[in-house]
file protein26.pdb (PDB, C-alpha atoms and all ligand atoms)
ATOM      1  CA  MET W  21       0.000   0.000   0.000
ATOM      2  CA  ALA W  22       1.291   3.485  -0.858
ATOM      3  CA  LYS W  23       2.323   5.560   2.156
ATOM      4  CA  SER W  24      -0.299   8.293   1.368
ATOM      5  CA  ALA W  25      -3.145   5.746   1.114
ATOM      6  CA  LEU W  26      -2.033   4.193   4.384
ATOM      7  CA  LEU W  27      -1.979   7.623   5.998
ATOM      8  CA  LYS W  28      -5.408   8.402   4.589
ATOM      9  CA  SER W  29      -6.951   5.204   5.825
ATOM     10  CA  SER W  30      -5.364   5.489   9.248
ATOM     11  CA  LEU W  31      -6.557   9.110   9.514
ATOM     12  CA  GLY W  32     -10.071   7.905   8.713
ATOM     13  CA  LYS W  33      -9.784   5.165  11.301
ATOM     14  CA  LYS W  34      -8.521   7.652  13.885
ATOM     15  CA  TYR W  35     -11.472   9.919  13.151
ATOM     16  CA  TRP W  36     -13.985   7.106  13.757
ATOM     17  CA  MET W  37     -12.072   5.954  16.847
ATOM     18  CA  ALA W  38     -12.344   9.506  18.159
ATOM     19  CA  LEU W  39     -16.042   9.836  17.358
ATOM     20  CA  THR W  40     -17.017   6.490  18.904
ATOM     21  CA  GLY W  41     -14.698   7.164  21.883
ATOM     22  CA  LEU W  42     -16.339  10.519  22.610
ATOM     23  CA  PHE W  43     -19.795   8.976  22.251
ATOM     24  CA  LEU W  44     -18.732   6.324  24.796
ATOM     25  CA  CYS W  45     -17.643   9.149  27.136
ATOM     26  CA  LEU W  46     -21.206  10.492  26.941
ATOM     27  CA  PHE W  47     -22.493   6.980  27.689
ATOM     28  CA  LEU W  48     -20.172   6.868  30.732
ATOM     29  CA  VAL W  49     -21.635  10.115  32.096
ATOM     30  CA  GLY W  50     -25.215   8.834  31.672
ATOM     31  CA  HIS W  51     -24.357   5.426  33.133
ATOM     32  CA  LEU W  52     -22.576   7.040  36.078
ATOM     33  CA  LEU W  53     -25.498   9.368  36.865
ATOM     34  CA  GLY W  54     -27.861   6.365  36.854
ATOM     35  CA  ASN W  55     -25.573   4.235  39.001
ATOM     36  CA  LEU W  56     -24.903   7.001  41.533
ATOM     37  CA  GLN W  57     -28.477   6.343  42.727
ATOM     38  CA  LEU W  58     -26.985   3.210  44.315
ATOM     39  CA  LEU W  59     -25.235   5.538  46.787
ATOM     40  CA  SER W  60     -28.386   7.417  47.794
ATOM     41  CA  GLY W  61     -28.976   5.400  50.974
ATOM     42  CA  SER W  62     -32.656   6.434  50.941
ATOM     43  CA  LYS W  63     -35.310   3.891  51.871
ATOM     44  CA  ASP W  64     -36.679   4.148  48.331
ATOM     45  CA  ALA W  65     -33.272   3.639  46.689
ATOM     46  CA  ALA W  66     -34.243   0.195  45.351
ATOM     47  CA  LEU W  67     -37.523   1.406  43.847
ATOM     48  CA  HIS W  68     -35.896   4.448  42.243
ATOM     49  CA  PHE W  69     -33.059   2.364  40.792
ATOM     50  CA  ASN W  70     -35.480  -0.269  39.457
ATOM     51  CA  GLN W  71     -37.741   2.422  37.967
ATOM     52  CA  TYR W  72     -34.679   3.900  36.277
ATOM     53  CA  ALA W  73     -33.652   0.422  34.989
ATOM     54  CA  LEU W  74     -37.143  -0.163  33.585
ATOM     55  CA  PHE W  75     -37.042   3.193  31.802
ATOM     56  CA  MET W  76     -33.566   2.443  30.402
ATOM     57  CA  THR W  77     -34.653  -0.932  29.022
ATOM     58  CA  SER W  78     -38.064   0.034  27.656
ATOM     59  CA  ASN W  79     -37.902   3.617  26.364
ATOM     60  CA  PRO W  80     -37.508   3.451  22.532
ATOM     61  CA  ALA W  81     -35.114   6.427  22.321
ATOM     62  CA  VAL W  82     -32.889   4.949  25.058
ATOM     63  CA  LYS W  83     -32.971   1.602  23.239
ATOM     64  CA  ILE W  84     -31.558   3.267  20.127
ATOM     65  CA  LEU W  85     -28.818   4.858  22.262
ATOM     66  CA  SER W  86     -28.072   1.424  23.764
ATOM     67  CA  TYR W  87     -27.633  -0.144  20.310
ATOM     68  CA  LEU W  88     -25.373   2.777  19.369
ATOM     69  CA  THR W  89     -23.362   2.085  22.539
ATOM     70  CA  TYR W  90     -22.900  -1.636  21.724
ATOM     71  CA  PHE W  91     -21.937  -0.733  18.158
ATOM     72  CA  SER W  92     -19.489   1.950  19.356
ATOM     73  CA  ILE W  93     -17.808  -0.446  21.807
ATOM     74  CA  LEU W  94     -17.292  -3.057  19.074
ATOM     75  CA  PHE W  95     -16.233  -0.548  16.420
ATOM     76  CA  HIS W  96     -13.864   1.307  18.783
ATOM     77  CA  ALA W  97     -12.232  -1.974  19.837
ATOM     78  CA  VAL W  98     -11.839  -3.449  16.336
ATOM     79  CA  ASP W  99     -10.675  -0.140  14.819
ATOM     80  CA  GLY W 100      -8.204   0.250  17.691
ATOM     81  CA  ILE W 101      -6.697  -3.188  17.089
ATOM     82  CA  VAL W 102      -6.408  -2.590  13.313
ATOM     83  CA  LEU W 103      -4.791   0.830  13.884
ATOM     84  CA  THR W 104      -2.304  -0.583  16.385
ATOM     85  CA  VAL W 105      -1.262  -3.344  13.957
ATOM     86  CA  GLN W 106      -1.028  -0.852  11.070
ATOM     87  CA  ASN W 107       1.093   1.552  13.120
ATOM     88  CA  ARG W 108       3.471  -1.220  14.193
ATOM     89  CA  LYS W 109       3.952  -2.263  10.544
ATOM     90  CA  ALA W 110       4.500   1.346   9.423
ATOM     91  CA  ARG W 111       7.082   2.069  12.127
ATOM     92  CA  PRO W 112      10.579   2.744  10.781
ATOM     93  CA  LYS W 113      13.059  -0.077  11.561
ATOM     94  CA  GLY W 114      14.937   0.492  14.800
ATOM     95  CA  TYR W 115      12.092   2.533  16.268
ATOM     96  CA  VAL W 116      11.938   0.328  19.315
ATOM     97  CA  LYS W 117      15.506   1.248  20.035
ATOM     98  CA  ASN W 118      14.519   4.914  20.253
ATOM     99  CA  ASN W 119      13.477   6.177  23.620
ATOM    100  CA  PRO W 120       9.711   6.465  23.271
ATOM    101  CA  SER W 121       9.197   7.483  26.888
ATOM    102  CA  ALA W 122      11.075  10.685  26.177
ATOM    103  CA  ASN W 123       8.228  12.106  24.142
ATOM    104  CA  THR W 124       5.127  10.070  24.922
ATOM    105  CA  ILE W 125       3.508   9.414  28.255
ATOM    106  CA  TRP W 126       2.987   5.852  29.447
ATOM    107  CA  ALA W 127      -0.788   5.822  28.800
ATOM    108  CA  SER W 128      -0.429   6.948  25.190
ATOM    109  CA  ARG W 129       2.008   4.107  24.432
ATOM    110  CA  ASN W 130      -0.274   1.538  26.036
ATOM    111  CA  MET W 131      -3.694   2.532  24.727
ATOM    112  CA  ALA W 132      -4.204  -0.862  23.033
ATOM    113  CA  VAL W 133      -3.371  -2.816  26.203
ATOM    114  CA  LEU W 134      -5.534  -0.517  28.352
ATOM    115  CA  GLY W 135      -8.356  -0.750  25.807
ATOM    116  CA  THR W 136      -8.181  -4.552  25.733
ATOM    117  CA  LEU W 137      -8.396  -4.705  29.539
ATOM    118  CA  ILE W 138     -11.434  -2.399  29.426
ATOM    119  CA  LEU W 139     -13.056  -4.624  26.794
ATOM    120  CA  VAL W 140     -12.535  -7.667  29.042
ATOM    121  CA  PHE W 141     -14.084  -5.661  31.895
ATOM    122  CA  ILE W 142     -17.101  -4.620  29.783
ATOM    123  CA  VAL W 143     -17.774  -8.178  28.569
ATOM    124  CA  THR W 144     -17.645  -9.686  32.097
ATOM    125  CA  HIS W 145     -19.614  -6.726  33.456
ATOM    126  CA  MET W 146     -22.362  -7.213  30.868
ATOM    127  CA  VAL W 147     -22.517 -10.947  31.592
ATOM    128  CA  ASN W 148     -22.968 -10.170  35.308
ATOM    129  CA  PHE W 149     -25.657  -7.480  35.022
ATOM    130  CA  TRP W 150     -26.954  -6.686  31.560
ATOM    131  CA  ALA W 151     -27.465 -10.341  30.534
ATOM    132  CA  LYS W 152     -29.325 -11.047  33.797
ATOM    133  CA  MET W 153     -31.551  -8.016  33.306
ATOM    134  CA  HIS W 154     -32.362  -8.875  29.705
ATOM    135  CA  PHE W 155     -32.377 -12.678  29.508
ATOM    136  CA  ASP W 156     -32.376 -14.367  32.942
ATOM    137  CA  GLU W 157     -35.708 -16.144  33.482
ATOM    138  CA  LYS W 158     -34.996 -16.187  37.235
ATOM    139  CA  MET W 159     -34.515 -12.426  37.536
ATOM    140  CA  PRO W 160     -36.378 -11.537  40.791
ATOM    141  CA  LEU W 161     -39.212  -8.993  40.907
ATOM    142  CA  GLN W 162     -39.086  -6.240  43.493
ATOM    143  CA  THR W 163     -40.953  -6.970  46.718
ATOM    144  CA  VAL W 164     -41.435  -5.070  49.945
ATOM    145  CA  THR W 165     -42.139  -6.476  53.410
ATOM    146  CA  ILE W 166     -44.748  -4.679  55.477
ATOM    147  CA  ASN W 167     -45.583  -5.456  59.081
ATOM    148  CA  ALA W 168     -49.348  -5.558  59.488
ATOM    149  CA  GLY W 169     -50.709  -6.303  62.967
ATOM    150  CA  GLY W 170     -47.502  -7.983  64.092
ATOM    151  CA  THR W 171     -47.167 -10.207  60.986
ATOM    152  CA  ASP W 172     -44.694  -9.589  58.173
ATOM    153  CA  MET W 173     -46.352  -9.649  54.761
ATOM    154  CA  GLU W 174     -44.520  -9.566  51.454
ATOM    155  CA  PHE W 175     -45.901  -7.563  48.527
ATOM    156  CA  TYR W 176     -44.830  -7.129  44.900
ATOM    157  CA  LEU W 177     -44.452  -3.463  43.948
ATOM    158  CA  THR W 178     -46.209  -2.746  40.677
ATOM    159  CA  THR W 179     -45.492  -0.168  38.020
ATOM    160  CA  ASN W 180     -48.772   1.640  38.748
ATOM    161  CA  GLY W 181     -47.952   1.963  42.438
ATOM    162  CA  ASP W 182     -50.049  -0.943  43.799
ATOM    163  CA  TYR W 183     -48.890  -3.473  46.384
ATOM    164  CA  LEU W 184     -49.789  -7.001  45.263
ATOM    165  CA  PRO W 185     -49.691  -9.626  48.062
ATOM    166  CA  LYS W 186     -47.088 -12.272  47.225
ATOM    167  CA  SER W 187     -49.341 -14.859  48.879
ATOM    168  CA  ARG W 188     -51.791 -14.491  45.965
ATOM    169  CA  VAL W 189     -49.056 -15.517  43.549
ATOM    170  CA  ASP W 190     -47.977 -18.368  45.854
ATOM    171  CA  GLN W 191     -51.604 -19.573  45.949
ATOM    172  CA  ASN W 192     -51.777 -19.375  42.116
ATOM    173  CA  VAL W 193     -54.598 -16.829  42.247
ATOM    174  CA  ILE W 194     -52.270 -14.555  40.283
ATOM    175  CA  GLU W 195     -49.836 -15.868  37.688
ATOM    176  CA  ILE W 196     -46.588 -14.255  36.527
ATOM    177  CA  LYS W 197     -46.096 -14.334  32.749
ATOM    178  CA  ASN W 198     -43.422 -12.874  30.460
ATOM    179  CA  ARG W 199     -41.152 -12.438  33.519
ATOM    180  CA  THR W 200     -42.820  -9.246  34.823
ATOM    181  CA  GLU W 201     -46.551  -9.389  34.071
ATOM    182  CA  PHE W 202     -49.189 -10.310  36.670
ATOM    183  CA  TYR W 203     -52.242 -12.140  35.297
ATOM    184  CA  ASP W 204     -55.528 -12.997  36.974
ATOM    185  CA  ALA W 205     -55.188 -16.787  36.792
ATOM    186  CA  ALA W 206     -58.933 -17.502  36.497
ATOM    187  CA  ALA W 207     -59.813 -14.812  33.951
ATOM    188  CA  GLY W 208     -56.477 -14.980  32.098
ATOM    189  CA  VAL W 209     -56.248 -11.177  31.885
ATOM    190  CA  LYS W 210     -53.258  -9.014  32.650
ATOM    191  CA  ILE W 211     -53.842  -7.001  35.791
ATOM    192  CA  ASN W 212     -50.504  -5.393  36.533
ATOM    193  CA  GLU W 213     -46.753  -5.374  35.983
ATOM    194  CA  GLY W 214     -43.790  -5.654  38.373
ATOM    195  CA  TYR W 215     -40.239  -4.279  38.458
ATOM    196  CA  LYS W 216     -37.228  -6.461  37.755
ATOM    197  CA  ASP W 217     -35.117  -6.112  40.920
ATOM    198  CA  LEU W 218     -31.821  -4.977  39.372
ATOM    199  CA  TYR W 219     -30.985  -3.205  42.647
ATOM    200  CA  LYS W 220     -31.086  -6.523  44.517
ATOM    201  CA  ILE W 221     -28.932  -8.246  41.864
ATOM    202  CA  THR W 222     -26.345  -5.437  41.916
ATOM    203  CA  VAL W 223     -26.123  -5.216  45.718
ATOM    204  CA  ALA W 224     -26.026  -9.032  46.064
ATOM    205  CA  PHE W 225     -23.156  -9.196  43.549
ATOM    206  CA  PHE W 226     -20.875  -6.797  45.423
ATOM    207  CA  LYS W 227     -21.938  -8.116  48.835
ATOM    208  CA  ASN W 228     -21.548 -11.777  47.875
ATOM    209  CA  PRO W 229     -19.712 -13.514  50.775
ATOM    210  CA  ASP W 230     -17.566 -15.606  48.386
ATOM    211  CA  TYR W 231     -16.518 -13.174  45.661
ATOM    212  CA  GLY W 232     -17.984  -9.747  46.660
ATOM    213  CA  LEU W 233     -14.697  -8.422  48.068
ATOM    214  CA  ILE W 234     -12.549  -9.492  45.131
ATOM    215  CA  ALA W 235     -15.191  -8.324  42.631
ATOM    216  CA  SER W 236     -15.339  -4.882  44.279
ATOM    217  CA  ILE W 237     -11.539  -4.584  44.258
ATOM    218  CA  LEU W 238     -11.317  -5.748  40.625
ATOM    219  CA  TYR W 239     -13.990  -3.209  39.671
ATOM    220  CA  ALA W 240     -12.017  -0.450  41.374
ATOM    221  CA  LEU W 241      -8.826  -1.570  39.600
ATOM    222  CA  ALA W 242     -10.660  -1.642  36.259
ATOM    223  CA  MET W 243     -11.586   1.990  36.908
ATOM    224  CA  VAL W 244      -7.875   2.848  37.318
ATOM    225  CA  VAL W 245      -7.300   1.284  33.880
ATOM    226  CA  LEU W 246     -10.260   3.254  32.481
ATOM    227  CA  GLY W 247      -8.807   6.443  33.986
ATOM    228  CA  PHE W 248      -5.446   5.980  32.214
ATOM    229  CA  HIS W 249      -7.199   5.166  28.924
ATOM    230  CA  LEU W 250      -9.342   8.314  29.178
ATOM    231  CA  TYR W 251      -6.382  10.439  30.332
ATOM    232  CA  HIS W 252      -4.736  10.053  26.960
ATOM    233  CA  GLY W 253      -7.825   9.262  24.872
ATOM    234  CA  PHE W 254      -9.966  12.300  25.630
ATOM    235  CA  GLY W 255      -7.563  14.990  24.423
ATOM    236  CA  SER W 256      -6.252  12.839  21.609
ATOM    237  CA  ALA W 257      -9.800  12.296  20.274
ATOM    238  CA  PHE W 258     -10.279  16.029  19.742
ATOM    239  CA  GLN W 259      -6.919  16.207  17.952
ATOM    240  CA  SER W 260      -7.903  13.325  15.657
ATOM    241  CA  MET W 261     -11.089  15.201  14.823
ATOM    242  CA  GLY W 262      -9.093  18.267  13.847
ATOM    243  CA  VAL W 263      -9.820  20.408  16.930
ATOM    244  CA  ASN W 264      -6.347  21.720  17.473
ATOM    245  CA  SER W 265      -6.455  25.438  18.130
ATOM    246  CA  PRO W 266      -4.214  27.246  20.643
ATOM    247  CA  LYS W 267      -7.401  28.786  22.070
ATOM    248  CA  HIS W 268      -9.387  25.565  22.712
ATOM    249  CA  SER W 269      -6.777  22.815  23.069
ATOM    250  CA  PRO W 270      -5.526  23.672  26.604
ATOM    251  CA  PHE W 271      -9.120  23.775  27.882
ATOM    252  CA  ILE W 272      -9.949  20.437  26.199
ATOM    253  CA  ARG W 273      -6.761  18.861  27.571
ATOM    254  CA  ASN W 274      -7.510  20.047  31.114
ATOM    255  CA  PHE W 275     -11.163  19.066  30.887
ATOM    256  CA  GLY W 276     -10.081  15.606  29.631
ATOM    257  CA  LYS W 277      -7.688  15.199  32.554
ATOM    258  CA  ALA W 278     -10.382  16.162  35.074
ATOM    259  CA  PHE W 279     -12.882  13.851  33.335
ATOM    260  CA  SER W 280     -10.452  10.926  33.387
ATOM    261  CA  ILE W 281      -9.993  11.283  37.148
ATOM    262  CA  VAL W 282     -13.500  12.218  38.345
ATOM    263  CA  VAL W 283     -15.595   9.771  36.288
ATOM    264  CA  PRO W 284     -13.601   6.567  37.052
ATOM    265  CA  LEU W 285     -13.219   7.645  40.710
ATOM    266  CA  LEU W 286     -16.991   8.001  41.149
ATOM    267  CA  PHE W 287     -17.538   4.666  39.378
ATOM    268  CA  ALA W 288     -14.966   2.994  41.666
ATOM    269  CA  ILE W 289     -16.673   4.318  44.801
ATOM    270  CA  ILE W 290     -19.923   2.481  43.937
ATOM    271  CA  PRO W 291     -18.814  -1.183  44.388
ATOM    272  CA  LEU W 292     -16.597  -0.253  47.358
ATOM    273  CA  TYR W 293     -19.477   1.604  49.040
ATOM    274  CA  ILE W 294     -21.873  -1.307  48.439
ATOM    275  CA  HIS W 295     -19.396  -3.882  49.724
ATOM    276  CA  PHE W 296     -18.065  -2.061  52.785
ATOM    277  CA  ILE W 297     -20.675   0.483  53.863
ATOM    278  CA  LEU W 298     -24.188  -0.219  52.585
ATOM    279  CA  LYS W 299     -26.453  -1.862  55.177
ATOM    280  CA  VAL W 300     -29.079  -4.254  53.814
TER
HETATM  281  C1  LIG O   1     -18.454   0.451  38.649
HETATM  282  C2  LIG O   1     -19.701   0.705  38.688
HETATM  283  C3  LIG O   1     -20.712   0.161  37.712
HETATM  284  C4  LIG O   1     -21.892  -0.418  38.083
HETATM  285  C5  LIG O   1     -22.420  -0.631  39.491
HETATM  286  C6  LIG O   1     -22.579  -0.772  36.856
HETATM  287  C7  LIG O   1     -23.820  -1.388  36.808
HETATM  288  C8  LIG O   1     -24.465  -1.772  35.655
HETATM  289  C9  LIG O   1     -25.752  -2.413  35.616
HETATM  290  C10 LIG O   1     -26.586  -2.747  36.845
HETATM  291  C11 LIG O   1     -26.071  -2.647  34.301
HETATM  292  C12 LIG O   1     -27.338  -3.317  33.738
HETATM  293  C13 LIG O   1     -28.310  -2.219  33.315
HETATM  294  C14 LIG O   1     -29.236  -2.626  32.233
HETATM  295  O1  LIG O   1     -28.997  -3.579  31.505
HETATM  296  O2  LIG O   1     -30.221  -1.879  32.074
HETATM  297  C15 LIG O   1     -24.974  -2.133  33.494
HETATM  298  C16 LIG O   1     -24.911  -2.152  32.115
HETATM  299  C17 LIG O   1     -23.834  -1.745  31.370
HETATM  300  N1  LIG O   1     -22.640  -1.248  31.855
HETATM  301 FE1  LIG O   1     -22.253  -0.825  33.791
HETATM  302  N2  LIG O   1     -21.807  -0.422  35.778
HETATM  303  C18 LIG O   1     -20.637   0.138  36.249
HETATM  304  C19 LIG O   1     -19.574   0.614  35.482
HETATM  305  C20 LIG O   1     -19.479   0.510  34.103
HETATM  306  C21 LIG O   1     -18.373   0.986  33.317
HETATM  307  C22 LIG O   1     -17.155   1.707  33.886
HETATM  308  C23 LIG O   1     -18.647   0.686  32.014
HETATM  309  C24 LIG O   1     -17.821   0.949  30.782
HETATM  310  C25 LIG O   1     -16.516   1.075  30.782
HETATM  311  C26 LIG O   1     -19.930   0.024  31.971
HETATM  312  C27 LIG O   1     -20.541  -0.456  30.841
HETATM  313  C28 LIG O   1     -21.819  -0.969  30.790
HETATM  314  C29 LIG O   1     -22.523  -1.286  29.552
HETATM  315  C30 LIG O   1     -21.973  -1.087  28.127
HETATM  316  C31 LIG O   1     -23.802  -1.764  29.909
HETATM  317  C32 LIG O   1     -24.954  -2.147  28.988
HETATM  318  C33 LIG O   1     -25.760  -0.852  28.831
HETATM  319  C34 LIG O   1     -26.986  -0.918  27.958
HETATM  320  O3  LIG O   1     -27.575  -1.979  27.791
HETATM  321  O4  LIG O   1     -27.388   0.153  27.467
HETATM  322  N3  LIG O   1     -20.410  -0.061  33.259
HETATM  323  N4  LIG O   1     -24.012  -1.607  34.351
END

call {"tool": "encode", "arguments": {"input": "protein26.pdb", "output": "structure tokens", "more": "lines below"}}
Ligand code: HEM
result
Amino acid sequence: MAKSALLKSSLGKKYWMALTGLFLCLFLVGHLLGNLQLLSGSKDAALHFNQYALFMTSNPAVKILSYLTYFSILFHAVDGIVLTVQNRKARPKGYVKNNPSANTIWASRNMAVLGTLILVFIVTHMVNFWAKMHFDEKMPLQTVTINAGGTDMEFYLTTNGDYLPKSRVDQNVIEIKNRTEFYDAAAGVKINEGYKDLYKITVAFFKNPDYGLIASILYALAMVVLGFHLYHGFGSAFQSMGVNSPKHSPFIRNFGKAFSIVVPLLFAIIPLYIHFILKV
């Protein structure tokens, strides 16, 4: 391939890497704001989180954004691998003997390794939460226990604000169909809908007596990796997209540095808070 064509194609790839990377940064902000509800400590934290999860999985506009997110993750990863291989091939002989650390920071030289670790994190993370939310037939529905006249009674919370006694489901008076829908068993008509208890799944994961501690620590470490990846990636994305003016670049660089510290730090606090502090 001619050098100019190679340059052209790798510039194009860098542009798309930048665009998908910045879109994923927006996803991170949205995801963080949703997950910060896990820190609220309020007595309605579970309901609010589950209402948010229902909205995120059922609203058509959010669904489109979710598909864009999956596509961006895959595209960003594949494009990144192709670019890394292309750059290695295009490197002048003896380059490795130069002293790359003299002019590039550690994160910029290791973007592919950092990115691969993040991809491994995202895949395991999605298996643990997203797959359960979307496909697990045993995903629990949210219940609440109320003490009435000295006896504890368990109720399903429904999306229209009703409390449906669990005993009526246990006695087969009410049937659960399609994972969340309550049906009158005799009449066969839908009477209500419950919330998938994503809050319970998330808290149980980080509080698990066997692997909760290690999972929380690994999550926090993954956020350190994410921080390094963003530290270089954020500013570099704007450069790849041609935003390179003396007026804007210092602001973008500083904003990127702040972003790469604050966002992963807040993410890291969530599993550690759930494991060590949250009372259930
Ligand atoms: C450390 C704190 C985090 C917690 C507690 C958390 C929790 C969750 C939960 C509960 C879900 C399932 C939601 C659903 O399917 O509706 C989810 C989905 C997801 N998470 Fe996270 N997450 C965290 C960090 C991250 C990070 C840092 C990334 C990316 C680097 C990430 C990427 C994703 C993706 C791509 C999905 C699927 C989203 C979708 O379907 O639209 N998460 N997360």

call {"tool": "residues_around", "arguments": {"input": "protein26.pdb", "residues": "region 226-235 of chain W", "least_positions_apart": "3", "cutoff": "12 Å", "atoms": "all atoms listed in the file", "output": "mmCIF file with C-alpha atoms, in the coordinates of the input"}}
result
data_model
loop_
_atom_site.group_PDB
_atom_site.id
_atom_site.type_symbol
_atom_site.label_atom_id
_atom_site.label_comp_id
_atom_site.auth_asym_id
_atom_site.auth_seq_id
_atom_site.Cartn_x
_atom_site.Cartn_y
_atom_site.Cartn_z
ATOM 1 C CA LEU W 58 -26.985 3.210 44.315
ATOM 2 C CA PHE W 141 -14.084 -5.661 31.895
ATOM 3 C CA THR W 144 -17.645 -9.686 32.097
ATOM 4 C CA HIS W 145 -19.614 -6.726 33.456
ATOM 5 C CA ASN W 148 -22.968 -10.170 35.308
ATOM 6 C CA PHE W 149 -25.657 -7.480 35.022
ATOM 7 C CA TYR W 219 -30.985 -3.205 42.647
ATOM 8 C CA LYS W 220 -31.086 -6.523 44.517
ATOM 9 C CA ILE W 221 -28.932 -8.246 41.864
ATOM 10 C CA THR W 222 -26.345 -5.437 41.916
ATOM 11 C CA VAL W 223 -26.123 -5.216 45.718
ATOM 12 C CA LEU W 238 -11.317 -5.748 40.625
ATOM 13 C CA TYR W 239 -13.990 -3.209 39.671
ATOM 14 C CA ALA W 240 -12.017 -0.450 41.374
ATOM 15 C CA LEU W 241 -8.826 -1.570 39.600
ATOM 16 C CA ALA W 242 -10.660 -1.642 36.259
ATOM 17 C CA ALA W 288 -14.966 2.994 41.666
ATOM 18 C CA ILE W 289 -16.673 4.318 44.801
ATOM 19 C CA ILE W 290 -19.923 2.481 43.937
ATOM 20 C CA PRO W 291 -18.814 -1.183 44.388
ATOM 21 C CA LEU W 292 -16.597 -0.253 47.358
ATOM 22 C CA TYR W 293 -19.477 1.604 49.040
ATOM 23 C CA ILE W 294 -21.873 -1.307 48.439
ATOM 24 C CA HIS W 295 -19.396 -3.882 49.724
ATOM 25 C CA PHE W 296 -18.065 -2.061 52.785
ATOM 26 C CA ILE W 297 -20.675 0.483 53.863
ATOM 27 C CA LEU W 298 -24.188 -0.219 52.585
ATOM 28 C CA LYS W 299 -26.453 -1.862 55.177
ATOM 29 C CA VAL W 300 -29.079 -4.254 53.814
#

call {"tool": "resolve_selection", "arguments": {"input": "protein26.pdb", "expression": "the PyMOL selection byres (((chain W and resi 157) around 12) and not hetatm)", "output": "list in words"}}
result
Ala151, Lys152, Met153, His154, Phe155, Asp156, Lys158, Met159, Pro160, Leu161, Ile196, Lys197, Asn198, Arg199, Thr200 and Lys216 of chain W

call {"tool": "atom_distance", "arguments": {"input": "protein26.pdb", "atom1": "atom C34 of ligand LIG 1 (chain O)", "atom2": "CA of Ser86 (chain W)"}}
result
4.9 Å

call {"tool": "resolve_selection", "arguments": {"input": "protein26.pdb", "expression": "the PyMOL selection byres (((chain W and resi 244-249) around 7) and not hetatm)", "output": "MDAnalysis selection string"}}
result
chainID W and resid 127 131 134:135 138 240:243 250:253 280:281 284

call {"tool": "resolve_selection", "arguments": {"input": "protein26.pdb", "expression": "the PyMOL selection byres (((chain W and resi 203-210) around 12) and not hetatm)", "output": "mmCIF file with C-alpha atoms, in the coordinates of the input"}}
result
data_model
loop_
_atom_site.group_PDB
_atom_site.id
_atom_site.type_symbol
_atom_site.label_atom_id
_atom_site.label_comp_id
_atom_site.auth_asym_id
_atom_site.auth_seq_id
_atom_site.Cartn_x
_atom_site.Cartn_y
_atom_site.Cartn_z
ATOM 1 C CA LEU W 184 -49.789 -7.001 45.263
ATOM 2 C CA ARG W 188 -51.791 -14.491 45.965
ATOM 3 C CA VAL W 189 -49.056 -15.517 43.549
ATOM 4 C CA ASP W 190 -47.977 -18.368 45.854
ATOM 5 C CA GLN W 191 -51.604 -19.573 45.949
ATOM 6 C CA ASN W 192 -51.777 -19.375 42.116
ATOM 7 C CA VAL W 193 -54.598 -16.829 42.247
ATOM 8 C CA ILE W 194 -52.270 -14.555 40.283
ATOM 9 C CA GLU W 195 -49.836 -15.868 37.688
ATOM 10 C CA ILE W 196 -46.588 -14.255 36.527
ATOM 11 C CA LYS W 197 -46.096 -14.334 32.749
ATOM 12 C CA ASN W 198 -43.422 -12.874 30.460
ATOM 13 C CA ARG W 199 -41.152 -12.438 33.519
ATOM 14 C CA THR W 200 -42.820 -9.246 34.823
ATOM 15 C CA GLU W 201 -46.551 -9.389 34.071
ATOM 16 C CA PHE W 202 -49.189 -10.310 36.670
ATOM 17 C CA ILE W 211 -53.842 -7.001 35.791
ATOM 18 C CA ASN W 212 -50.504 -5.393 36.533
ATOM 19 C CA GLU W 213 -46.753 -5.374 35.983
ATOM 20 C CA GLY W 214 -43.790 -5.654 38.373
#

call {"tool": "axis_aligned_box", "arguments": {"input": "protein26.pdb", "around": "ligand LIG 1 (chain O)", "padding_each_side": "5 Å", "output": "lines of an AutoDock Vina configuration file"}}
result
center_x = -23.4
center_y = -0.9
center_z = 33.5
size_x = 23.7
size_y = 15.3
size_z = 22.0
